[in-house]
Amino acid sequence: MIDLEEIPVSLSSGGEDPGKEPAESVTEVEDEIGKREAQNNCVTRLRSSLQVVLIVILGVLLCGVAGALIAQLNKQQSLTAELQHMAHNTKKLQMKITELQQLLNSTHQNFTPLGSECGQLKLLVNTTRYNLTLLSAENTQLGLLLKNISQEKSQLQVLNKELNTALNSTSEYCDLVEDENRKLNLLLNESLDIITMVSAESKQLRLHLNKEQQTSKQLEAENKHQRSILLSDRLSFLWRFCDKDTLQCSRCLPGWVEHASRCFFLSQETEKWEKARKICLDLGGDLAVVLNAKDQAFLTNMTFQFKQQHPEVLFHSAWIGLQDMVKEGTHIWVNGNRIHRNVIYWKPMEPNNAMASWDTSQAGQDCVAIVPPSKIGEKNWLKSWDDIVCGGKRHFLCETMALNLT
């Protein structure tokens, strides 16, 4: 706090004139007084807050000390109670010790006569223990023997059952064997009868075999004679129709197919129509002629099968013995006959007598060939004739009469 008595002293002690600016000095003094009061208020507040904090800390410390003192007092009380209890128990123990000493003295007096009896009893106990060990060993041995006997008994029971089942099966088997023996005896008797019969038949068969061997020798001689006749030069023509190894003969030459008492041949190579006919004539026949629907079906099927079996061959068609070289539109077979009105199998839009660009003679299409259909049995599959330029190379169909063996 600022002492008010110091204010006029300070004012009067200044070197200034007291009559000049009194208001300013008063305000300055008031400002300083306000500042000092504010500072004093802050200091007092800090002091009061520090005092409160110190009081709280002291209270906490006092509470902790009081708690510790209370805990120590409680421990001292519990210790005193325990000490009292222990003193009481020690008194009881002392009383019991005195009683035990009295009993011990009395037992010492009675112990001397009992010593001899105790030694005897110890001997008896030792002997009994020894006997007990012997009995226990014997008992264990007897137990093992009993287990072994029980195991052997169970095994014997199993063996007994097996023997009983085996005995039953053997008895049944003996019955079956007796029945089979009877049957075998019957069969043996029957077989003996059959053997006697067979021996008689075998004798007859041997006689018959001897006769057959003689006849076979005769037939071999005749066969050799016939082979010599067949292999003669006079019959060389017939051997063209036969296999000399199997002696099987056909009405057609090898590679030819029989149909309606005629033999037909489809060439592997291609030739012009004239050259193809010459080859057929050299083979003893001529180009094929269609006499009826069966011939047309047979030849068309023959070209179809060849094309199916030889996909690597470029097969367009096969020449037949039909042409109109003499007069355009008048088709004549190689046998001199004209087309029968019921035997006409032109493809659609054929014959058309088209001129080929490579044909220098411009003769037109005067020769006929069979073009195989895409499928057998479809509609109009028999209509396979096509007129083609005779100078073109095609496969060809030959025919000849089959050999008459009657």
# chains A, B, ... in the order shown; residues from 1 in each chain; ligands from 1

$ residues_around --residues "His395 in chain A" --least-positions-apart "4" --cutoff "12 Å" --atoms "only C-alpha atoms" --output "PyMOL selection string"
chain A and resi 265-273+275-277+279-280+287+303+306-307+313-320+368-372

$ residues_around --residues "Asn342 in chain A" --least-positions-apart "3" --cutoff "10 Å" --atoms "only C-alpha atoms" --output "PyMOL selection string"
chain A and resi 291-293+339+345

$ closest_residue --among "A:Gly336, A:Gly364, A:Pro351, A:Gly285" --to "Glu399 in chain A" --atoms "only C-alpha atoms"
A:Gly285

$ atom_distance --atom1 "CA of Asn404 in chain A" --atom2 "CA of Val257 in chain A"
15.0 Å

$ select_by_dssp --residues "range 107-292 of chain A" --states "alpha helix (DSSP H)" --output "PyMOL selection string"
chain A and resi 107-230+273-282

$ residues_around --residues "Asp324 in chain A" --least-positions-apart "3" --cutoff "12 Å" --atoms "only C-alpha atoms" --output "list in words"
Gly321, Lys327, Glu328, Gly329, Thr330, His331, Ile332, Trp333, Val334, Gly336, Asn337, Arg338, Ile339, Pro351, Asn353, Ala363, Gly364, Gln365, Asp366, Cys367, Val368, Asp387, Ile388, Val389 and Cys390 of chain A

$ write_last_selection --atoms "N, CA, C and O atoms" --output "short mmCIF file (atom, residue, chain, number, x, y, z; two decimals), in the first residue's frame"
data_model
loop_
_atom_site.label_atom_id
_atom_site.label_comp_id
_atom_site.auth_asym_id
_atom_site.auth_seq_id
_atom_site.Cartn_x
_atom_site.Cartn_y
_atom_site.Cartn_z
N GLY A 321 -20.03 -98.58 -126.83
CA GLY A 321 -20.05 -98.81 -128.29
C GLY A 321 -21.19 -98.13 -129.00
O GLY A 321 -21.93 -98.79 -129.74
N LYS A 327 -24.01 -90.27 -139.63
CA LYS A 327 -25.04 -89.27 -139.81
C LYS A 327 -25.34 -88.66 -138.44
O LYS A 327 -25.60 -89.39 -137.49
N GLU A 328 -25.27 -87.34 -138.39
CA GLU A 328 -25.50 -86.66 -137.13
C GLU A 328 -26.93 -86.90 -136.65
O GLU A 328 -27.90 -86.72 -137.40
N GLY A 329 -27.02 -87.36 -135.38
CA GLY A 329 -28.31 -87.64 -134.78
C GLY A 329 -28.76 -89.07 -134.92
O GLY A 329 -29.72 -89.47 -134.27
N THR A 330 -28.10 -89.84 -135.80
CA THR A 330 -28.45 -91.24 -135.95
C THR A 330 -27.38 -92.07 -135.25
O THR A 330 -26.30 -92.31 -135.80
N HIS A 331 -27.67 -92.50 -134.04
CA HIS A 331 -26.71 -93.22 -133.23
C HIS A 331 -26.85 -94.71 -133.48
O HIS A 331 -27.97 -95.25 -133.47
N ILE A 332 -25.70 -95.35 -133.70
CA ILE A 332 -25.67 -96.77 -134.04
C ILE A 332 -24.68 -97.46 -133.10
O ILE A 332 -23.59 -96.93 -132.82
N TRP A 333 -25.07 -98.65 -132.62
CA TRP A 333 -24.18 -99.47 -131.78
C TRP A 333 -23.13 -100.15 -132.65
O TRP A 333 -23.28 -100.25 -133.86
N VAL A 334 -22.08 -100.60 -132.03
CA VAL A 334 -20.99 -101.23 -132.77
C VAL A 334 -21.43 -102.57 -133.37
O VAL A 334 -20.77 -103.08 -134.29
N GLY A 336 -24.12 -102.78 -135.09
CA GLY A 336 -24.92 -102.42 -136.26
C GLY A 336 -26.34 -102.05 -135.96
O GLY A 336 -27.06 -101.59 -136.86
N ASN A 337 -26.81 -102.21 -134.72
CA ASN A 337 -28.19 -101.90 -134.37
C ASN A 337 -28.32 -100.44 -133.95
O ASN A 337 -27.38 -99.84 -133.44
N ARG A 338 -29.51 -99.91 -134.21
CA ARG A 338 -29.82 -98.56 -133.75
C ARG A 338 -30.34 -98.60 -132.30
O ARG A 338 -30.64 -99.66 -131.77
N ILE A 339 -30.45 -97.41 -131.73
CA ILE A 339 -30.96 -97.33 -130.35
C ILE A 339 -32.42 -97.75 -130.34
O ILE A 339 -33.23 -97.24 -131.11
N PRO A 351 -28.28 -85.52 -126.36
CA PRO A 351 -27.00 -85.11 -126.95
C PRO A 351 -27.10 -83.68 -127.49
O PRO A 351 -28.14 -83.28 -127.99
N ASN A 353 -24.14 -82.24 -129.29
CA ASN A 353 -23.18 -82.10 -130.39
C ASN A 353 -22.38 -80.79 -130.27
O ASN A 353 -22.16 -80.08 -131.24
N ALA A 363 -15.48 -81.69 -135.81
CA ALA A 363 -16.39 -82.79 -136.18
C ALA A 363 -17.58 -82.89 -135.25
O ALA A 363 -18.58 -83.53 -135.56
N GLY A 364 -17.49 -82.28 -134.09
CA GLY A 364 -18.60 -82.34 -133.14
C GLY A 364 -18.47 -83.55 -132.22
O GLY A 364 -17.50 -84.31 -132.25
N GLN A 365 -19.50 -83.75 -131.43
CA GLN A 365 -19.51 -84.83 -130.45
C GLN A 365 -20.26 -86.02 -131.07
O GLN A 365 -21.49 -86.05 -131.09
N ASP A 366 -19.47 -87.01 -131.54
CA ASP A 366 -20.06 -88.14 -132.26
C ASP A 366 -19.94 -89.46 -131.50
O ASP A 366 -20.49 -90.47 -131.97
N CYS A 367 -19.26 -89.50 -130.36
CA CYS A 367 -19.10 -90.74 -129.60
C CYS A 367 -19.75 -90.58 -128.23
O CYS A 367 -19.81 -89.48 -127.66
N VAL A 368 -20.22 -91.70 -127.67
CA VAL A 368 -21.03 -91.68 -126.44
C VAL A 368 -20.24 -92.36 -125.32
O VAL A 368 -19.59 -93.39 -125.55
N ASP A 387 -22.83 -87.39 -125.20
CA ASP A 387 -22.06 -87.42 -126.45
C ASP A 387 -20.83 -86.53 -126.28
O ASP A 387 -20.92 -85.40 -125.79
N ILE A 388 -19.66 -87.06 -126.64
CA ILE A 388 -18.37 -86.41 -126.41
C ILE A 388 -17.56 -86.49 -127.70
O ILE A 388 -17.76 -87.38 -128.55
N VAL A 389 -16.62 -85.57 -127.85
CA VAL A 389 -15.74 -85.58 -129.01
C VAL A 389 -14.92 -86.87 -129.01
O VAL A 389 -14.31 -87.24 -128.00
N CYS A 390 -14.93 -87.58 -130.13
CA CYS A 390 -14.29 -88.90 -130.20
C CYS A 390 -12.78 -88.81 -130.01
O CYS A 390 -12.14 -89.79 -129.63
#

$ residues_around --residues "range 294-297 of chain A" --least-positions-apart "5" --cutoff "9 Å" --atoms "only C-alpha atoms" --output "PyMOL selection string"
chain A and resi 259-260+289+302+343+345+381-384

$ closest_residue --among "A:Tyr173, A:Trp385, A:Phe264, A:Tyr130" --to "Ala288 in chain A" --atoms "only C-alpha atoms"
A:Phe264

$ select_by_dssp --residues "range 153-383 of chain A" --states "strand (DSSP E or B)" --output "VMD selection string"
chain A and resid 242 249 257 to 259 262 to 266 271 286 to 287 318 to 323 332 to 333 338 346 367 to 370

$ write_last_selection --atoms "C-alpha atoms" --output "JSON list (two decimals), in the first residue's frame"
[["chain", "number", "residue", "atom", "x", "y", "z"],
["A", 242, "CYS", "CA", -8.89, -120.72, -114.71],
["A", 249, "CYS", "CA", -12.43, -121.68, -113.52],
["A", 257, "VAL", "CA", -17.06, -109.26, -114.63],
["A", 258, "GLU", "CA", -19.87, -111.55, -115.73],
["A", 259, "HIS", "CA", -23.35, -110.17, -116.40],
["A", 262, "ARG", "CA", -21.52, -111.64, -121.05],
["A", 263, "CYS", "CA", -18.19, -110.48, -119.64],
["A", 264, "PHE", "CA", -17.44, -106.77, -119.14],
["A", 265, "PHE", "CA", -14.13, -104.97, -118.56],
["A", 266, "LEU", "CA", -13.46, -101.37, -117.41],
["A", 271, "GLU", "CA", -7.82, -93.72, -124.85],
["A", 286, "ASP", "CA", -15.86, -104.98, -128.57],
["A", 287, "LEU", "CA", -17.04, -101.82, -126.84],
["A", 318, "ALA", "CA", -16.15, -94.38, -119.96],
["A", 319, "TRP", "CA", -16.66, -95.01, -123.70],
["A", 320, "ILE", "CA", -19.41, -97.42, -124.80],
["A", 321, "GLY", "CA", -20.05, -98.81, -128.29],
["A", 322, "LEU", "CA", -22.45, -96.04, -129.48],
["A", 323, "GLN", "CA", -21.69, -93.32, -132.08],
["A", 332, "ILE", "CA", -25.67, -96.77, -134.04],
["A", 333, "TRP", "CA", -24.18, -99.47, -131.78],
["A", 338, "ARG", "CA", -29.82, -98.56, -133.75],
["A", 346, "TRP", "CA", -29.30, -89.58, -122.24],
["A", 367, "CYS", "CA", -19.10, -90.74, -129.60],
["A", 368, "VAL", "CA", -21.03, -91.68, -126.44],
["A", 369, "ALA", "CA", -19.72, -92.37, -122.93],
["A", 370, "ILE", "CA", -21.29, -93.17, -119.55]]
